[in-house]
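Notes for the one structure printed next.
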Amino acid sequence: MPKLAPIHWKKFDKFLLYVGCIFDHQTGDHRIYKRSGLKRPIVLTADTQVPVTHIKTNLNTLGIDHNQYLEILKKI
């Protein structure tokens, strides 16, 4: 299984939109996304790279596993 790696925030933004999240608002450099059925919103820092720990946390919130995430990244 390939390891997760930090990713540019714009690429992660495309991933979130692909899986049905909707950009809600931005406060400072924090972008907030919502999707029906989520217990809490997804928070993405509009910094150059999204750390692996943030990717894992957001995947857990979305209910998407490691392999699904990597397959989606190949598509977008």
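Each chain in the structure tokens gets a letter, A, B and so on, in the order shown; residues start at 1 in every chain, and ligands are counted from 1 in the order they appear.
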For Arg35 of chain A, find every residue with an atom within 8 Å (counting only C-alpha atoms), except residues of its own chain fewer than 3 positions away, and show them as a PyMOL selection string. chain A and resi 20-22+38+41
For the selection you just gave me, I'd like the residues written to a file as a compact mmCIF listing (two decimals), in the first residue's frame, keeping all heavy atoms.
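Written output follows (out.txt):
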# COMPACT_ATOMS: atom_id res chain seq x y z
N GLY A 20 -18.05 15.48 -3.19
CA GLY A 20 -19.35 16.03 -2.85
C GLY A 20 -19.38 17.11 -1.78
O GLY A 20 -20.46 17.53 -1.37
N CYS A 21 -18.24 17.56 -1.36
CA CYS A 21 -18.20 18.65 -0.38
C CYS A 21 -18.46 19.98 -1.08
O CYS A 21 -18.16 20.13 -2.26
CB CYS A 21 -16.85 18.70 0.33
SG CYS A 21 -16.54 17.28 1.38
N ILE A 22 -19.00 20.91 -0.34
CA ILE A 22 -19.30 22.23 -0.86
C ILE A 22 -18.52 23.25 -0.04
O ILE A 22 -18.55 23.21 1.19
CB ILE A 22 -20.80 22.53 -0.79
CG1 ILE A 22 -21.56 21.53 -1.64
CG2 ILE A 22 -21.10 23.95 -1.22
CD1 ILE A 22 -23.06 21.57 -1.44
N LEU A 38 -22.23 14.59 7.27
CA LEU A 38 -21.00 14.70 8.06
C LEU A 38 -21.32 15.23 9.45
O LEU A 38 -22.16 16.10 9.61
CB LEU A 38 -19.99 15.64 7.39
CG LEU A 38 -19.39 15.19 6.07
CD1 LEU A 38 -18.40 16.23 5.58
CD2 LEU A 38 -18.72 13.84 6.19
N PRO A 41 -17.77 19.89 9.98
CA PRO A 41 -17.25 20.38 8.70
C PRO A 41 -15.79 19.98 8.50
O PRO A 41 -15.08 19.66 9.45
CB PRO A 41 -17.39 21.90 8.81
CG PRO A 41 -17.45 22.18 10.26
CD PRO A 41 -18.03 20.98 10.93
Please give the complete set of residues from segment 1-38 of chain A that DSSP, run on the backbone, assigns to strand (DSSP E or B), formatted as an MDAnalysis selection string. chainID A and resid 7:8 22:27 30:34
How would the residues just picked look written out with C-alpha atoms as a CSV table (one decimal), in the first residue's frame?
chain,number,residue,atom,x,y,z
A,7,ILE,CA,-0.3,17.4,-1.0
A,8,HIS,CA,-0.8,21.0,-2.2
A,22,ILE,CA,-19.3,22.2,-0.9
A,23,PHE,CA,-17.1,25.2,0.0
A,24,ASP,CA,-18.9,27.1,2.7
A,25,HIS,CA,-16.7,30.0,3.7
A,26,GLN,CA,-13.2,31.1,4.5
A,27,THR,CA,-11.9,32.7,7.7
A,30,HIS,CA,-8.9,28.3,6.9
A,31,ARG,CA,-11.4,27.1,4.3
A,32,ILE,CA,-14.5,25.4,5.5
A,33,TYR,CA,-16.3,22.7,3.5
A,34,LYS,CA,-19.7,21.0,4.3
Close residues, Val52 of chain A itself excluded, 6 Å, only C-alpha atoms, min 2 positions apart in chain, as a ChimeraX atom specification: /A:5-6,54-55
Selected residues, C-alpha atoms, written as a PDB file, in the first residue's frame, please.
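This is the output file result_31.pdb:
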ATOM      1  CA  ALA A   5       2.264  12.166   1.291  1.00  0.00           C
ATOM      2  CA  PRO A   6       1.660  15.870   1.863  1.00  0.00           C
ATOM      3  CA  HIS A  54      -4.683  16.520   8.387  1.00  0.00           C
ATOM      4  CA  ILE A  55      -5.335  14.315   5.362  1.00  0.00           C
TER       5      ILE A  55
END
Residues of chain A classed as helix (DSSP H, G or I) by DSSP on the backbone are to be reported as a PyMOL selection string. chain A and resi 9-18+52-62+66-75
Atoms to include: N, CA, C and O atoms. Write the selected residues as a CSV table (one decimal), in the first residue's frame.
chain,number,residue,atom,x,y,z
A,9,TRP,N,-2.6,22.2,-1.2
A,9,TRP,CA,-4.0,22.5,-0.7
A,9,TRP,C,-5.0,22.6,-1.9
A,9,TRP,O,-6.1,22.2,-1.8
A,10,LYS,N,-4.6,23.1,-3.0
A,10,LYS,CA,-5.5,23.2,-4.2
A,10,LYS,C,-5.9,21.8,-4.7
A,10,LYS,O,-7.0,21.7,-5.2
A,11,LYS,N,-4.9,20.9,-4.7
A,11,LYS,CA,-5.2,19.5,-5.1
A,11,LYS,C,-6.2,18.9,-4.1
A,11,LYS,O,-7.2,18.2,-4.5
A,12,PHE,N,-6.0,19.1,-2.8
A,12,PHE,CA,-6.9,18.6,-1.8
A,12,PHE,C,-8.3,19.2,-1.9
A,12,PHE,O,-9.3,18.6,-1.7
A,13,ASP,N,-8.3,20.5,-2.3
A,13,ASP,CA,-9.6,21.2,-2.6
A,13,ASP,C,-10.4,20.5,-3.7
A,13,ASP,O,-11.6,20.3,-3.6
A,14,LYS,N,-9.7,20.2,-4.8
A,14,LYS,CA,-10.3,19.5,-5.9
A,14,LYS,C,-10.9,18.1,-5.4
A,14,LYS,O,-11.9,17.7,-5.9
A,15,PHE,N,-10.1,17.4,-4.6
A,15,PHE,CA,-10.5,16.1,-4.0
A,15,PHE,C,-11.8,16.3,-3.2
A,15,PHE,O,-12.8,15.6,-3.4
A,16,LEU,N,-11.9,17.3,-2.4
A,16,LEU,CA,-13.1,17.6,-1.6
A,16,LEU,C,-14.3,17.9,-2.4
A,16,LEU,O,-15.4,17.3,-2.2
A,17,LEU,N,-14.1,18.7,-3.4
A,17,LEU,CA,-15.2,19.0,-4.3
A,17,LEU,C,-15.7,17.7,-5.1
A,17,LEU,O,-16.9,17.5,-5.3
A,18,TYR,N,-14.7,16.9,-5.5
A,18,TYR,CA,-15.0,15.7,-6.2
A,18,TYR,C,-15.9,14.7,-5.4
A,18,TYR,O,-16.7,14.0,-5.9
A,52,VAL,N,0.1,15.1,6.3
A,52,VAL,CA,-0.5,13.8,6.3
A,52,VAL,C,-1.5,13.7,7.4
A,52,VAL,O,-2.5,13.0,7.2
A,53,THR,N,-1.2,14.2,8.6
A,53,THR,CA,-2.1,14.1,9.7
A,53,THR,C,-3.4,14.7,9.4
A,53,THR,O,-4.5,14.2,9.8
A,54,HIS,N,-3.4,15.9,8.7
A,54,HIS,CA,-4.7,16.5,8.4
A,54,HIS,C,-5.4,15.7,7.3
A,54,HIS,O,-6.7,15.7,7.4
A,55,ILE,N,-4.7,15.1,6.4
A,55,ILE,CA,-5.3,14.3,5.4
A,55,ILE,C,-6.0,13.1,6.0
A,55,ILE,O,-7.2,12.8,5.7
A,56,LYS,N,-5.3,12.5,6.9
A,56,LYS,CA,-5.9,11.3,7.6
A,56,LYS,C,-7.2,11.7,8.4
A,56,LYS,O,-8.2,11.0,8.4
A,57,THR,N,-7.1,12.8,9.1
A,57,THR,CA,-8.2,13.2,9.9
A,57,THR,C,-9.4,13.5,9.0
A,57,THR,O,-10.6,13.1,9.3
A,58,ASN,N,-9.2,14.2,7.9
A,58,ASN,CA,-10.3,14.6,7.0
A,58,ASN,C,-10.9,13.3,6.3
A,58,ASN,O,-12.1,13.2,6.1
A,59,LEU,N,-10.0,12.4,6.0
A,59,LEU,CA,-10.5,11.1,5.4
A,59,LEU,C,-11.4,10.4,6.4
A,59,LEU,O,-12.4,9.8,6.0
A,60,ASN,N,-11.0,10.4,7.6
A,60,ASN,CA,-11.8,9.7,8.6
A,60,ASN,C,-13.1,10.4,8.8
A,60,ASN,O,-14.2,9.7,8.9
A,61,THR,N,-13.2,11.7,8.8
A,61,THR,CA,-14.4,12.4,8.9
A,61,THR,C,-15.3,12.1,7.7
A,61,THR,O,-16.5,11.9,7.8
A,62,LEU,N,-14.7,12.0,6.5
A,62,LEU,CA,-15.5,11.7,5.3
A,62,LEU,C,-15.9,10.3,5.1
A,62,LEU,O,-16.7,9.9,4.3
A,66,HIS,N,-7.9,4.9,2.8
A,66,HIS,CA,-6.6,5.3,2.2
A,66,HIS,C,-6.6,5.0,0.7
A,66,HIS,O,-6.2,5.8,-0.1
A,67,ASN,N,-7.0,3.7,0.3
A,67,ASN,CA,-7.0,3.3,-1.1
A,67,ASN,C,-7.9,4.1,-1.9
A,67,ASN,O,-7.6,4.4,-3.1
A,68,GLN,N,-9.1,4.3,-1.4
A,68,GLN,CA,-10.1,5.1,-2.2
A,68,GLN,C,-9.6,6.5,-2.5
A,68,GLN,O,-9.7,7.0,-3.6
A,69,TYR,N,-9.0,7.1,-1.5
A,69,TYR,CA,-8.4,8.4,-1.6
A,69,TYR,C,-7.4,8.5,-2.7
A,69,TYR,O,-7.4,9.3,-3.6
A,70,LEU,N,-6.5,7.5,-2.7
A,70,LEU,CA,-5.4,7.4,-3.7
A,70,LEU,C,-6.0,7.2,-5.1
A,70,LEU,O,-5.5,7.8,-6.1
A,71,GLU,N,-7.0,6.4,-5.2
A,71,GLU,CA,-7.7,6.2,-6.5
A,71,GLU,C,-8.3,7.4,-7.1
A,71,GLU,O,-8.3,7.7,-8.3
A,72,ILE,N,-9.0,8.2,-6.2
A,72,ILE,CA,-9.6,9.4,-6.6
A,72,ILE,C,-8.6,10.4,-7.0
A,72,ILE,O,-8.8,11.2,-8.0
A,73,LEU,N,-7.5,10.5,-6.3
A,73,LEU,CA,-6.4,11.4,-6.7
A,73,LEU,C,-5.9,11.2,-8.1
A,73,LEU,O,-5.5,12.1,-8.9
A,74,LYS,N,-5.9,9.9,-8.5
A,74,LYS,CA,-5.4,9.5,-9.9
A,74,LYS,C,-6.4,10.1,-10.9
A,74,LYS,O,-6.0,10.4,-12.0
A,75,LYS,N,-7.7,10.1,-10.6
A,75,LYS,CA,-8.7,10.5,-11.5
A,75,LYS,C,-8.7,12.0,-11.7
A,75,LYS,O,-9.1,12.5,-12.8
